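Pasting data09.csv here (CSV, C-alpha atoms):
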chain,number,residue,atom,x,y,z
L,1,MET,CA,0.0,0.0,0.0
L,2,GLY,CA,1.0,3.6,-0.3
L,3,LEU,CA,1.6,4.5,3.3
L,4,GLU,CA,4.7,6.7,3.2
L,5,LYS,CA,4.9,8.0,6.7
L,6,ILE,CA,3.1,7.9,10.1
L,7,GLU,CA,4.1,9.9,13.2
L,8,THR,CA,2.4,9.6,16.5
L,9,SER,CA,2.6,11.6,19.7
L,10,PRO,CA,0.2,11.6,22.7
L,11,GLY,CA,-3.2,12.2,21.3
L,12,ARG,CA,-2.0,13.0,17.8
L,13,VAL,CA,-1.3,11.2,14.5
L,14,LEU,CA,0.1,12.6,11.3
L,15,ALA,CA,0.1,10.3,8.2
L,16,LEU,CA,1.2,10.7,4.6
L,17,TRP,CA,0.1,8.5,1.7
L,18,HIS,CA,1.6,8.1,-1.8
L,19,ILE,CA,-1.2,7.2,-4.2
L,20,ASP,CA,0.1,4.3,-6.3
L,21,GLU,CA,-2.9,2.0,-6.2
L,22,ASP,CA,-5.9,1.8,-8.6
L,23,GLU,CA,-9.4,2.7,-7.5
L,24,SER,CA,-10.6,-0.9,-7.0
L,25,THR,CA,-7.6,-1.6,-4.7
L,26,LEU,CA,-8.3,1.5,-2.5
L,27,ALA,CA,-12.0,0.8,-2.4
L,28,ALA,CA,-11.4,-2.8,-1.3
L,29,HIS,CA,-9.0,-1.6,1.5
L,30,LEU,CA,-11.5,1.0,2.6
L,31,GLY,CA,-14.6,-1.1,2.3
L,32,GLU,CA,-16.6,1.5,0.4
L,33,HIS,CA,-16.5,3.2,-3.0
L,34,ALA,CA,-16.1,6.8,-3.9
L,35,PRO,CA,-19.5,8.6,-4.4
L,36,GLU,CA,-21.0,8.6,-7.8
L,37,ASN,CA,-21.0,12.5,-7.9
L,38,VAL,CA,-17.2,12.4,-7.8
L,39,THR,CA,-16.7,11.8,-11.5
L,40,ASN,CA,-13.0,12.8,-12.1
L,41,ALA,CA,-10.8,9.7,-11.9
L,42,GLN,CA,-8.0,11.5,-10.0
L,43,LYS,CA,-10.4,13.1,-7.5
L,44,ARG,CA,-11.9,9.6,-6.9
L,45,LEU,CA,-8.4,8.3,-6.0
L,46,GLU,CA,-7.9,11.3,-3.7
L,47,TRP,CA,-11.2,10.7,-2.0
L,48,LEU,CA,-10.5,7.1,-1.4
L,49,SER,CA,-6.8,7.5,-0.4
L,50,GLY,CA,-7.7,10.2,2.1
L,51,ARG,CA,-10.2,7.9,3.9
L,52,VAL,CA,-7.9,4.9,3.7
L,53,LEU,CA,-5.3,7.2,5.4
L,54,VAL,CA,-7.7,8.2,8.1
L,55,LYS,CA,-8.4,4.5,8.7
L,56,GLU,CA,-4.7,3.8,9.0
L,57,ALA,CA,-4.3,6.7,11.4
L,58,LEU,CA,-7.2,5.6,13.6
L,59,GLN,CA,-5.8,2.0,13.7
L,60,THR,CA,-2.6,3.4,15.3
L,61,LEU,CA,-4.9,4.6,18.1
L,62,HIS,CA,-6.7,1.2,18.2
L,63,LEU,CA,-9.9,2.9,17.0
L,64,PRO,CA,-12.1,1.6,14.2
L,65,TYR,CA,-12.9,3.6,11.1
L,66,ARG,CA,-16.6,4.3,10.8
L,67,GLY,CA,-16.5,7.0,8.1
L,68,ILE,CA,-16.2,10.8,8.0
L,69,VAL,CA,-18.9,13.4,8.7
L,70,LYS,CA,-18.7,17.1,8.0
L,71,ASP,CA,-20.2,20.0,10.0
L,72,ALA,CA,-22.2,22.9,8.5
L,73,PHE,CA,-18.9,24.6,7.4
L,74,GLY,CA,-17.5,21.4,5.7
L,75,LYS,CA,-15.0,20.6,8.5
L,76,PRO,CA,-14.5,16.8,8.6
L,77,PHE,CA,-14.6,14.6,11.7
L,78,PRO,CA,-14.0,10.9,12.2
L,79,THR,CA,-17.4,9.3,12.8
L,80,GLY,CA,-17.9,8.1,16.4
L,81,HIS,CA,-14.6,9.4,17.8
L,82,ASP,CA,-13.8,12.6,19.8
L,83,TYR,CA,-10.9,13.6,17.6
L,84,GLN,CA,-10.3,16.6,15.4
L,85,LEU,CA,-9.4,15.9,11.8
L,86,SER,CA,-7.8,17.6,8.8
L,87,LEU,CA,-7.1,16.2,5.4
L,88,SER,CA,-5.2,17.5,2.3
L,89,HIS,CA,-4.6,16.1,-1.2
L,90,SER,CA,-2.3,17.0,-4.0
L,91,PHE,CA,-2.1,14.1,-6.4
L,92,PRO,CA,-0.3,11.7,-6.0
L,93,TYR,CA,-0.1,12.5,-2.2
L,94,ALA,CA,-2.6,12.7,0.6
L,95,ALA,CA,-2.0,13.8,4.2
L,96,VAL,CA,-4.0,13.5,7.4
L,97,LEU,CA,-3.8,15.0,10.9
L,98,LEU,CA,-5.8,13.7,13.9
L,99,ASP,CA,-5.7,15.3,17.3
L,100,ALA,CA,-7.6,14.6,20.5
L,101,HIS,CA,-6.9,18.0,22.1
L,102,GLN,CA,-7.2,20.8,19.6
L,103,SER,CA,-8.5,21.9,16.2
L,104,VAL,CA,-6.1,20.9,13.5
L,105,GLY,CA,-5.1,22.1,10.0
L,106,ILE,CA,-2.8,20.4,7.5
L,107,ASP,CA,-2.1,21.3,3.9
L,108,LEU,CA,0.1,19.7,1.2
L,109,GLU,CA,0.8,21.3,-2.1
L,110,GLN,CA,3.2,21.0,-5.0
L,111,PRO,CA,4.9,24.3,-5.8
L,112,LYS,CA,3.5,25.6,-9.1
L,113,GLU,CA,4.3,28.7,-11.2
L,114,LYS,CA,0.7,30.0,-10.8
L,115,LEU,CA,1.5,31.0,-7.3
L,116,LEU,CA,3.7,33.7,-8.7
L,117,ARG,CA,0.6,35.1,-10.5
L,118,ILE,CA,-1.9,34.9,-7.7
L,119,ALA,CA,0.3,35.8,-4.7
L,120,PRO,CA,-0.2,39.6,-5.1
L,121,ARG,CA,-4.0,39.0,-4.6
L,122,MET,CA,-3.7,36.5,-1.8
L,123,PHE,CA,-0.8,37.6,0.4
L,124,HIS,CA,-0.1,40.5,2.7
L,125,PRO,CA,2.5,43.0,1.4
L,126,THR,CA,4.9,41.9,4.2
L,127,GLU,CA,4.6,38.3,3.1
L,128,LEU,CA,5.1,39.2,-0.5
L,129,ALA,CA,8.2,41.2,0.3
L,130,ASP,CA,9.6,38.3,2.3
L,131,ALA,CA,9.0,35.6,-0.3
L,132,GLY,CA,9.8,37.6,-3.4
L,133,THR,CA,9.9,35.1,-6.3
L,134,ASP,CA,11.0,32.2,-4.2
L,135,LEU,CA,8.4,29.6,-5.3
L,136,ILE,CA,9.1,27.3,-2.4
L,137,LYS,CA,8.7,30.0,0.1
L,138,LEU,CA,5.5,31.2,-1.6
L,139,CYS,CA,4.2,27.6,-1.3
L,140,ILE,CA,5.0,27.5,2.4
L,141,TYR,CA,3.0,30.7,2.9
L,142,TRP,CA,0.1,29.3,0.9
L,143,CYS,CA,0.1,26.0,2.8
L,144,ALA,CA,0.3,27.9,6.1
L,145,LYS,CA,-2.8,30.0,5.2
L,146,GLU,CA,-4.7,26.9,4.1
L,147,ALA,CA,-3.7,25.1,7.4
L,148,LEU,CA,-4.8,28.2,9.4
L,149,ILE,CA,-8.3,28.4,7.8
L,150,LYS,CA,-8.7,24.6,8.5
L,151,VAL,CA,-7.8,25.3,12.2
L,152,TYR,CA,-10.4,28.1,12.2
L,153,GLY,CA,-13.0,25.7,10.8
L,154,LYS,CA,-15.0,28.2,8.8
L,155,LYS,CA,-14.6,29.8,5.3
L,156,ASP,CA,-15.3,33.5,5.9
L,157,LEU,CA,-11.7,34.7,6.1
L,158,THR,CA,-9.6,36.5,3.6
L,159,PHE,CA,-6.1,35.2,2.9
L,160,ALA,CA,-4.5,38.6,2.7
L,161,LYS,CA,-6.0,40.2,5.8
L,162,SER,CA,-7.3,37.5,8.2
L,163,LEU,CA,-4.7,34.8,7.7
L,164,LEU,CA,-1.2,36.1,8.3
L,165,VAL,CA,2.2,34.4,8.5
L,166,ALA,CA,5.3,36.1,10.0
L,167,PRO,CA,8.4,36.4,7.8
L,168,PHE,CA,10.9,33.5,8.2
L,169,SER,CA,14.1,32.0,6.9
L,170,ARG,CA,13.4,29.0,4.7
L,171,LYS,CA,14.8,25.7,5.7
L,172,THR,CA,14.0,22.1,4.8
L,173,ASP,CA,12.1,21.7,8.1
L,174,GLY,CA,11.1,24.5,10.4
L,175,GLU,CA,8.5,26.4,12.5
L,176,ILE,CA,6.7,29.5,11.6
L,177,VAL,CA,4.1,31.7,13.3
L,178,GLY,CA,0.6,32.1,11.9
L,179,SER,CA,-2.2,34.4,13.0
L,180,ILE,CA,-5.9,34.3,12.6
L,181,ILE,CA,-7.5,37.7,12.9
L,182,VAL,CA,-11.2,37.9,13.4
L,183,ASP,CA,-13.1,41.0,14.7
L,184,ASN,CA,-9.8,42.7,15.4
L,185,GLU,CA,-8.8,39.9,17.7
L,186,GLU,CA,-5.6,37.9,16.9
L,187,ARG,CA,-5.1,34.2,17.6
L,188,VAL,CA,-1.5,33.1,17.2
L,189,ILE,CA,-1.0,29.6,15.8
L,190,PRO,CA,2.5,28.0,15.7
L,191,LEU,CA,3.0,26.0,12.6
L,192,CYS,CA,5.5,23.4,11.4
L,193,TYR,CA,6.6,22.9,7.8
L,194,THR,CA,8.7,20.5,5.8
L,195,VAL,CA,9.9,20.8,2.2
L,196,THR,CA,10.6,17.7,0.1
L,197,PRO,CA,11.5,17.4,-3.6
L,198,ASP,CA,7.9,16.7,-4.5
L,199,PHE,CA,5.8,18.8,-2.1
L,200,VAL,CA,5.5,21.2,0.8
L,201,LEU,CA,3.6,20.2,3.9
L,202,VAL,CA,2.4,22.6,6.7
L,203,PHE,CA,0.4,21.8,9.8
L,204,ASN,CA,-0.3,23.4,13.2
L,205,LYS,CA,2.0,22.5,16.0
L,206,ALA,CA,0.7,20.2,18.8
L,207,THR,CA,-0.4,21.9,22.0
L,208,THR,CA,1.7,20.9,25.1
L,209,ILE,CA,-0.6,19.1,27.4

Using structure tokens, write down the structure from this file.
Amino acid sequence: MGLEKIETSPGRVLALWHIDEDESTLAAHLGEHAPENVTNAQKRLEWLSGRVLVKEALQTLHLPYRGIVKDAFGKPFPTGHDYQLSLSHSFPYAAVLLDAHQSVGIDLEQPKEKLLRIAPRMFHPTELADAGTDLIKLCIYWCAKEALIKVYGKKDLTFAKSLLVAPFSRKTDGEIVGSIIVDNEERVIPLCYTVTPDFVLVFNKATTI
């Protein structure tokens, strides 16, 4: 199977999947098929692999997979378990983060040239000045904002004004500081990132219990 990585800490599981199976293999492993309204073949693989990965993550906690439910804002939760959940796909990869203690956000993206075009509309001037034309750094900023909005759990925030990331020195692995600003109140969210030859991954740091 395509399980690439799984990391566990008290009350938390992070898992990464490389999609190298066909749809029937993933469906057999999951025990269900992708919905008929998901018609794109690649999206069907992403749908299945994400849920297979949730199943694998739950198994490390000795919990059964019973499906995924979403709230009114589209935030996913593992059915029947008191865990927070975040998923991300960028074919051929999928990532999952489960946490028993806090809301979570994870985002996985492959750096693409289109980020250079859309960055001026989506990023704060300070972020733009820091990243410049560094595509990897722009991708870290983008993933960080996606992770922040998943932590927040709603979709009424603007990337440039409500989801901010402090300037940082790019490394292969590191920590950055994100902020969610709502009604003039700032919530600081520490984030972790990793850069690989194939993708960038960002997720919110575990709270110390």

I'd like the contact shell of Ala94 of chain L - 12 Å cut-off, only C-alpha atoms, skipping same-chain residues fewer than 6 positions apart - returned as a tab-separated table (two decimals) with C-alpha atoms, in the coordinates of the input.
chain	number	residue	atom	x	y	z
L	2	GLY	CA	1.00	3.60	-0.30
L	3	LEU	CA	1.60	4.50	3.30
L	4	GLU	CA	4.70	6.70	3.20
L	5	LYS	CA	4.90	8.00	6.70
L	14	LEU	CA	0.10	12.60	11.30
L	15	ALA	CA	0.10	10.30	8.20
L	16	LEU	CA	1.20	10.70	4.60
L	17	TRP	CA	0.10	8.50	1.70
L	18	HIS	CA	1.60	8.10	-1.80
L	19	ILE	CA	-1.20	7.20	-4.20
L	20	ASP	CA	0.10	4.30	-6.30
L	42	GLN	CA	-8.00	11.50	-10.00
L	43	LYS	CA	-10.40	13.10	-7.50
L	45	LEU	CA	-8.40	8.30	-6.00
L	46	GLU	CA	-7.90	11.30	-3.70
L	47	TRP	CA	-11.20	10.70	-2.00
L	48	LEU	CA	-10.50	7.10	-1.40
L	49	SER	CA	-6.80	7.50	-0.40
L	50	GLY	CA	-7.70	10.20	2.10
L	51	ARG	CA	-10.20	7.90	3.90
L	52	VAL	CA	-7.90	4.90	3.70
L	53	LEU	CA	-5.30	7.20	5.40
L	54	VAL	CA	-7.70	8.20	8.10
L	86	SER	CA	-7.80	17.60	8.80
L	87	LEU	CA	-7.10	16.20	5.40
L	88	SER	CA	-5.20	17.50	2.30
L	106	ILE	CA	-2.80	20.40	7.50
L	107	ASP	CA	-2.10	21.30	3.90
L	108	LEU	CA	0.10	19.70	1.20
L	109	GLU	CA	0.80	21.30	-2.10
L	110	GLN	CA	3.20	21.00	-5.00
L	199	PHE	CA	5.80	18.80	-2.10
L	200	VAL	CA	5.50	21.20	0.80
L	201	LEU	CA	3.60	20.20	3.90

- Name the closest residue to Val151 of chain L among the candidates L:His62, L:His124, L:Lys205, L:Lys137; distances are taken between atoms, counting all atoms listed in the file. L:Lys205

Report as a Markdown table: every residue of segment 121-153 of chain L with an atom at most 12 Å from segment 187-197 of chain L, its closest pair of atoms, and their distance in Å to one decimal, counting all atoms listed in the file, with rows sorted by chain and ascending residue number.
| residue | atom | partner | partner_atom | distance |
| --- | --- | --- | --- | --- |
| L:Leu135 | CA | L:Val195 | CA | 11.7 |
| L:Ile136 | CA | L:Val195 | CA | 8.0 |
| L:Lys137 | CA | L:Val195 | CA | 9.5 |
| L:Leu138 | CA | L:Val195 | CA | 11.9 |
| L:Cys139 | CA | L:Val195 | CA | 9.5 |
| L:Ile140 | CA | L:Tyr193 | CA | 7.3 |
| L:Tyr141 | CA | L:Tyr193 | CA | 9.9 |
| L:Trp142 | CA | L:Tyr193 | CA | 11.4 |
| L:Cys143 | CA | L:Tyr193 | CA | 8.8 |
| L:Ala144 | CA | L:Leu191 | CA | 7.3 |
| L:Lys145 | CA | L:Leu191 | CA | 10.2 |
| L:Glu146 | CA | L:Leu191 | CA | 11.5 |
| L:Ala147 | CA | L:Leu191 | CA | 8.5 |
| L:Leu148 | CA | L:Ile189 | CA | 7.6 |
| L:Ile149 | CA | L:Ile189 | CA | 10.9 |
| L:Lys150 | CA | L:Ile189 | CA | 11.7 |
| L:Val151 | CA | L:Ile189 | CA | 8.8 |
| L:Tyr152 | CA | L:Arg187 | CA | 9.7 |

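Using all atoms listed in the file, the residues found no farther than 12 Å from Ser9 of chain L, other than those of its own chain fewer than 4 positions away, are Val13, Leu14, Ala15, Ala57, Thr60, Leu61, Leu97, Leu98, Asp99, Ala100, His101, Lys205, Ala206, Thr207, Thr208 and Ile209 of chain L.
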
- Message: Ranking L:Leu30, L:Ile176, L:Ala41, L:Ala166 by minimum distance to Arg66 of chain L and counting only C-alpha atoms, which one comes first?
- Response: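 Counting only C-alpha atoms, the residue closest to Arg66 of chain L is L:Leu30.
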
- Message: Between atom CA of Met122 of chain L and atom CA of Pro76 of chain L, what distance in Å does the model show, to one decimal?
- Response: 24.8 Å

- Selected residue, from L:Glu127, L:Asp134, L:Asp22, L:Asp82, that lies nearest to Phe159 of chain L when counting only C-alpha atoms: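 Checking each candidate against Phe159 of chain L, we get L:Glu127 as the closest.
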
- Item | One-decimal distance in Å that lies between atom CA of Ser179 of chain L and atom CA of Leu58 of chain L |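 Result for atom CA of Leu58 of chain L versus atom CA of Ser179 of chain L: 29.2 Å, one decimal.
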
- Item | Test item: residues at most 12 Å from Arg44 of chain L, all atoms listed in the file, excluding those fewer than 5 positions along its chain, as a PyMOL selection string | chain L and resi 19+21-24+26-27+32-39+49-51+89+91-92

- When you draw a straight line from atom CA of Ala129 of chain L to atom CA of Leu157 of chain L, how long is it in Å? 21.7 Å

- Determine the nearest neighbour of Arg12 of chain L from the options L:Asn40, L:Val104, L:Lys171, L:His81, counting only C-alpha atoms.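 Among L:Asn40, L:Val104, L:Lys171, L:His81, it is L:Val104 that comes nearest to Arg12 of chain L.
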
- Query: Which residue, L:Lys161, L:Pro10, L:Val69, L:Pro167, has the smallest gap to Gly132 of chain L when you use all atoms listed in the file?
  - Reply: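 The answer is L:Pro167, which sits nearest to Gly132 of chain L.
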
- Message: Using all atoms listed in the file, which protein or nucleic acid residues come within 6 Å of Ile180 of chain L? Drop anything in the same chain fewer than 2 positions from it, and give the result as a PyMOL selection string.
- Response: chain L and resi 162-163+186-187

- Task: Around the point (-18.6, 19.3, 11.7) in the file's coordinates, collect all residues with an atom within 12 Å, using all atoms listed in the file, and return them as a PyMOL selection string.
- Result: chain L and resi 68-79+82-86+103+150+153-154

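Of the listed residues (L:Gln102, L:Thr8, L:Ser90, L:Asp130), L:Thr8 comes nearest to Glu56 of chain L; the distances count all atoms listed in the file.
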